[in-house]
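Visitor: I'd like to ask you about the structure that follows.
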Amino acid sequence: MIIVDENMNLHAFNTMRMNVRCNKWIEFTMAEDAPSVMTMVADDKFAIVGGGSNIFFTGDFDGVILHPAIKIWEAVALGDGRVEITLGAGNILDLTIENLCKCGLWGLENLSGIPGTVGGAAVQNAGAYGAEFADVIKEVRVWDIKDSRFVDLPRESLDYGYRHSVFKSPEQRSRYIILTVTIVVGKATSPKLEYGPLKELKETDALTPMAIREKVLEIRDSKLPDVDKTGSAGSFFKNPVVDAATWRSFLASADKFGLAEDEIPHFVLDDGRIKIPAAWLIEKCGWKGKSLGDAGVWRNQPLIIVNATGSATPGDIMAVRDAVIADVRSMFGISLEPEVVCL
Ligand code: EPU
């Protein structure tokens with residue numbers, strides 16, 4: 001089924017709760033609808049929006065918004081305790097995870113509570129607490145707009161990395177519509193407990209995916225805003241990654257911030273580069289919990305820009321974004337880059 005609307009308000013379809021409109025809205029419920037949908041788009045500008053939880057609308061969208069609402073769930077037992085599940089892109093990620101946990105299936109429990117859809121999670125490689133969505137992906141079925149055909153893309157071809165995939169690359173961004181995502185999850189106990197507060201579960205006997213889900217939801221609750229109460233698009237910025245030389249000069253100026261070198265939080269990546277938590281940089285600039293008009297920086301996790309009053313406009317969000325970027329650059333010489341997709 002294909003549903004079309006004109007001049008549609010997108011408030012309910014972006015968790016930042018921007019009161020913006022698009023020229024045309026096309027929602028479709030079956031993978032087979034994709035070719036007809038693209039015929040309707042013709043030469044107009046378009047963007048694909050699932051849950052709108054990782055998108056920041058900088059204003060009205062002068063084009064077509066495509067909303068894949070495919071909800072299928074097809075599970076096949078592989079006979080060795082693993083289950084292959086093909087999920088429609090429009091399934092709500094967290095409901096999917098809750099169901100997997102109820103079935104005692106391991107794989108996605110660390111991603112509990114992440115807002116948005118399965119399709120969106122496959123685009124941005126949603127990640128949290130030591131796990132990434134790509135860890136369980138087997139393949140992604142897309143409509144290839146360029147070649148006008150359905151294609152099954154195996155995970156190895158999708159260039160997954162930290163908050164990255166082929167679907168985010170500038171060259172391929174408008175090429176594919178994700179229709180279904182096939183994941184493999186399993187009955188064999190395989191907890192991922194390396195992230196700080198999850199370590200305490202290591203002592204638990206008979207650990208279940210549901211127990212990890214509950215702990216993750218508790219951690220998220222204490223740090224992250226509930227998007228049903230306070231508009232946000234999750235982490236607004238990526239954690240910056242610097243090369244070893246930049247890191248050394250950064251350390252050399254650590255005393256400028258009144259800190260010993262070993263007090264600066266950082267993570268050494270496999271390739272030797274250094275990831276510095278953007279939350280820490282932003283907090284050090286004094287932005288934690290600070291507002292500028294109707295928008296602000298979240299009080300418990302400064303990586304998140306919030307629609308503090310519910311009435312913030314795109315301009316209010318951009319004012320906070322630009323001020324945070326400018327302050328971090330002038331204090332640390334590091335340029336923060338958005339993690340959210342700006343439309
Ligand atoms: N920190 C501070 N002040 C704070 C919070 C954090 O200085 O108020 C520093 C601490 O050093 C802390 C470090 O930042 O150790 C990392 O903080 P946290 O563990 O909260 O994670 P993050 O790197 O800030 C990332 C993801 C989150 C995800 C968490 C947990 C990105 C851009 N963000 O945040 O994802 O929930 O890890 O795995 O990678 C999202 O993408 O929308 C999102 C919320």
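We name chains A, B, ... following the order of the structure tokens; residues begin at 1 in each chain, and ligands are numbered from 1 as shown.
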Can you pull out the residues contacting Trp106 (chain A)? Cut-off 10 Å, using only C-alpha atoms, and skip same-chain residues under 3 positions away; I want them as a count of residues only.

Guide: 21

Visitor: Mind checking DSSP for region 62-125 of chain A and telling me the helix (DSSP H, G or I) residues as an mmCIF file with N, CA, C and O atoms, in the first residue's frame?

Guide:
data_model
loop_
_atom_site.group_PDB
_atom_site.id
_atom_site.type_symbol
_atom_site.label_atom_id
_atom_site.label_comp_id
_atom_site.auth_asym_id
_atom_site.auth_seq_id
_atom_site.Cartn_x
_atom_site.Cartn_y
_atom_site.Cartn_z
ATOM 1 N N LEU A 93 12.884 -0.375 16.130
ATOM 2 C CA LEU A 93 14.054 -1.140 16.589
ATOM 3 C C LEU A 93 13.857 -1.663 18.005
ATOM 4 O O LEU A 93 14.094 -2.842 18.279
ATOM 5 N N ASP A 94 13.384 -0.810 18.913
ATOM 6 C CA ASP A 94 13.339 -1.243 20.311
ATOM 7 C C ASP A 94 12.270 -2.315 20.560
ATOM 8 O O ASP A 94 12.464 -3.189 21.401
ATOM 9 N N LEU A 95 11.160 -2.264 19.811
ATOM 10 C CA LEU A 95 10.152 -3.332 19.965
ATOM 11 C C LEU A 95 10.730 -4.645 19.457
ATOM 12 O O LEU A 95 10.493 -5.721 20.019
ATOM 13 N N THR A 96 11.499 -4.538 18.378
ATOM 14 C CA THR A 96 12.150 -5.726 17.825
ATOM 15 C C THR A 96 13.089 -6.329 18.869
ATOM 16 O O THR A 96 13.082 -7.539 19.122
ATOM 17 N N ILE A 97 13.889 -5.452 19.501
ATOM 18 C CA ILE A 97 14.858 -5.939 20.494
ATOM 19 C C ILE A 97 14.133 -6.552 21.690
ATOM 20 O O ILE A 97 14.525 -7.609 22.195
ATOM 21 N N GLU A 98 13.054 -5.907 22.108
ATOM 22 C CA GLU A 98 12.295 -6.447 23.246
ATOM 23 C C GLU A 98 11.794 -7.861 22.924
ATOM 24 O O GLU A 98 11.899 -8.780 23.736
ATOM 25 N N ASN A 99 11.278 -8.042 21.708
ATOM 26 C CA ASN A 99 10.792 -9.371 21.316
ATOM 27 C C ASN A 99 11.923 -10.398 21.280
ATOM 28 O O ASN A 99 11.755 -11.541 21.712
ATOM 29 N N LEU A 100 13.086 -9.981 20.769
ATOM 30 C CA LEU A 100 14.223 -10.914 20.717
ATOM 31 C C LEU A 100 14.624 -11.321 22.137
ATOM 32 O O LEU A 100 14.905 -12.495 22.404
ATOM 33 N N CYS A 101 14.650 -10.334 23.037
ATOM 34 C CA CYS A 101 15.023 -10.630 24.432
ATOM 35 C C CYS A 101 14.008 -11.576 25.062
ATOM 36 O O CYS A 101 14.369 -12.505 25.784
ATOM 37 N N LYS A 102 12.712 -11.348 24.777
ATOM 38 C CA LYS A 102 11.672 -12.237 25.332
ATOM 39 C C LYS A 102 11.874 -13.671 24.848
ATOM 40 O O LYS A 102 11.550 -14.624 25.529
ATOM 41 N N GLU A 109 20.649 -7.004 22.531
ATOM 42 C CA GLU A 109 20.211 -6.499 23.838
ATOM 43 C C GLU A 109 20.931 -5.213 24.263
ATOM 44 O O GLU A 109 20.329 -4.348 24.901
ATOM 45 N N ASN A 110 22.208 -5.048 23.880
ATOM 46 C CA ASN A 110 22.933 -3.822 24.291
ATOM 47 C C ASN A 110 22.388 -2.571 23.605
ATOM 48 O O ASN A 110 22.671 -1.463 24.023
ATOM 49 N N LEU A 111 21.633 -2.764 22.533
ATOM 50 C CA LEU A 111 21.092 -1.604 21.799
ATOM 51 C C LEU A 111 19.684 -1.244 22.288
ATOM 52 O O LEU A 111 19.007 -0.409 21.675
ATOM 53 N N VAL A 118 14.376 -0.148 12.257
ATOM 54 C CA VAL A 118 15.397 -1.108 11.828
ATOM 55 C C VAL A 118 16.168 -0.557 10.612
ATOM 56 O O VAL A 118 17.395 -0.641 10.539
ATOM 57 N N GLY A 119 15.448 0.050 9.668
ATOM 58 C CA GLY A 119 16.111 0.605 8.478
ATOM 59 C C GLY A 119 17.088 1.710 8.863
ATOM 60 O O GLY A 119 18.227 1.756 8.374
ATOM 61 N N GLY A 120 16.651 2.587 9.761
ATOM 62 C CA GLY A 120 17.519 3.675 10.205
ATOM 63 C C GLY A 120 18.762 3.147 10.910
ATOM 64 O O GLY A 120 19.873 3.645 10.712
ATOM 65 N N ALA A 121 18.576 2.104 11.715
ATOM 66 C CA ALA A 121 19.713 1.525 12.445
ATOM 67 C C ALA A 121 20.731 0.933 11.475
ATOM 68 O O ALA A 121 21.944 0.973 11.720
ATOM 69 N N ALA A 122 20.232 0.388 10.339
ATOM 70 C CA ALA A 122 21.146 -0.184 9.343
ATOM 71 C C ALA A 122 21.887 0.908 8.584
ATOM 72 O O ALA A 122 23.019 0.709 8.149
ATOM 73 N N VAL A 123 21.289 2.064 8.440
ATOM 74 C CA VAL A 123 21.965 3.173 7.749
ATOM 75 C C VAL A 123 23.106 3.696 8.607
ATOM 76 O O VAL A 123 24.251 3.796 8.172
ATOM 77 N N GLN A 124 22.797 4.022 9.860
ATOM 78 C CA GLN A 124 23.805 4.700 10.674
ATOM 79 C C GLN A 124 24.648 3.751 11.530
ATOM 80 O O GLN A 124 25.500 4.182 12.281
#

Visitor: Taking only C-alpha atoms and all ligand atoms and a cut-off of 9 Å, can you tell me which residues surround ligand 1, written as a ChimeraX atom specification?

Guide: /A:53-54,110-111,114-115,124,126-131,162-163,195-196,220,223-224,232-240,264-266,276-284,288,298-304,338-340

Visitor: For region 244-253 of chain A, work out the shell of residues within 9 Å, counting only C-alpha atoms and skipping chain neighbours fewer than 2 positions away, then give it as a list in words.

Guide: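 In the requested format, the answer is Val242, Asp255, Lys256, Phe257, Ala260, Glu261, Asp262, Ile264, Gly272, Arg273, Ile274, Phe332 and Gly333 of chain A.
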
Visitor: Give me, as a ChimeraX atom specification, the residues of region 56-123 of chain A that a backbone DSSP run labels strand (DSSP E or B).

Guide: /A:56,61-68,73-77,82-88,92,106,117

Visitor: List the neighbours of region 45-48 of chain A out to 7 Å using only C-alpha atoms; skip same-chain residues closer than 3 positions along the sequence, and give me the result as a list of chain:residue names.

Guide: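 Result of the neighbour search: A:Gly63, A:Val64, A:Ile65, A:Leu66, A:His67.
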
Visitor: Suppose we keep all heavy atoms; can you now write the selection as a CSV table (one decimal), in the first residue's frame?

Guide:
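New file out_20.csv:
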chain,number,residue,atom,x,y,z
A,63,GLY,N,10.9,19.0,-0.9
A,63,GLY,CA,11.0,17.8,-1.7
A,63,GLY,C,10.1,16.8,-1.1
A,63,GLY,O,9.1,17.1,-0.4
A,64,VAL,N,10.4,15.5,-1.4
A,64,VAL,CA,9.6,14.4,-1.0
A,64,VAL,C,10.2,13.6,0.1
A,64,VAL,O,11.4,13.3,0.0
A,64,VAL,CB,9.4,13.4,-2.2
A,64,VAL,CG1,8.4,12.3,-1.9
A,64,VAL,CG2,8.9,14.1,-3.5
A,65,ILE,N,9.5,13.3,1.1
A,65,ILE,CA,9.9,12.4,2.2
A,65,ILE,C,9.4,11.0,1.9
A,65,ILE,O,8.1,10.9,1.8
A,65,ILE,CB,9.5,12.9,3.6
A,65,ILE,CG1,10.2,14.3,3.9
A,65,ILE,CG2,9.9,11.9,4.6
A,65,ILE,CD1,11.7,14.3,4.1
A,66,LEU,N,10.2,10.0,1.8
A,66,LEU,CA,9.8,8.7,1.7
A,66,LEU,C,9.9,8.0,3.1
A,66,LEU,O,10.9,8.1,3.8
A,66,LEU,CB,10.7,7.9,0.8
A,66,LEU,CG,10.9,8.5,-0.6
A,66,LEU,CD1,11.8,7.5,-1.5
A,66,LEU,CD2,9.6,8.6,-1.3
A,67,HIS,N,8.8,7.3,3.4
A,67,HIS,CA,8.7,6.7,4.7
A,67,HIS,C,8.4,5.2,4.6
A,67,HIS,O,7.3,4.8,4.3
A,67,HIS,CB,7.6,7.3,5.5
A,67,HIS,CG,7.4,6.8,6.9
A,67,HIS,ND1,8.4,6.8,7.9
A,67,HIS,CD2,6.4,6.1,7.5
A,67,HIS,CE1,8.0,6.2,9.0
A,67,HIS,NE2,6.8,5.8,8.8

Visitor: Let me make sure I understand: among A:Gly258, A:Ser222, A:Thr182, A:Ile92, which one has the smallest atom-to-atom distance to Val76 (chain A) if we use only C-alpha atoms?

Guide: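 Among the listed residues, the smallest separation from Val76 (chain A) belongs to A:Thr182.
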
Visitor: Measuring atom to atom with only C-alpha atoms, identify which of A:Gly79, A:Asp243, A:Arg149, A:Ile325 is nearest to Asp270 (chain A).

Guide: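 Closest residue, counting only C-alpha atoms: A:Asp243.
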
Visitor: So which residues touch His164 (chain A) within 7 Å, counting only C-alpha atoms, skipping near sequence neighbours fewer than 4 positions away, as a list in words?

Guide: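 The neighbour list is Gln124, Asn125, Tyr160 and Lys168 of chain A.
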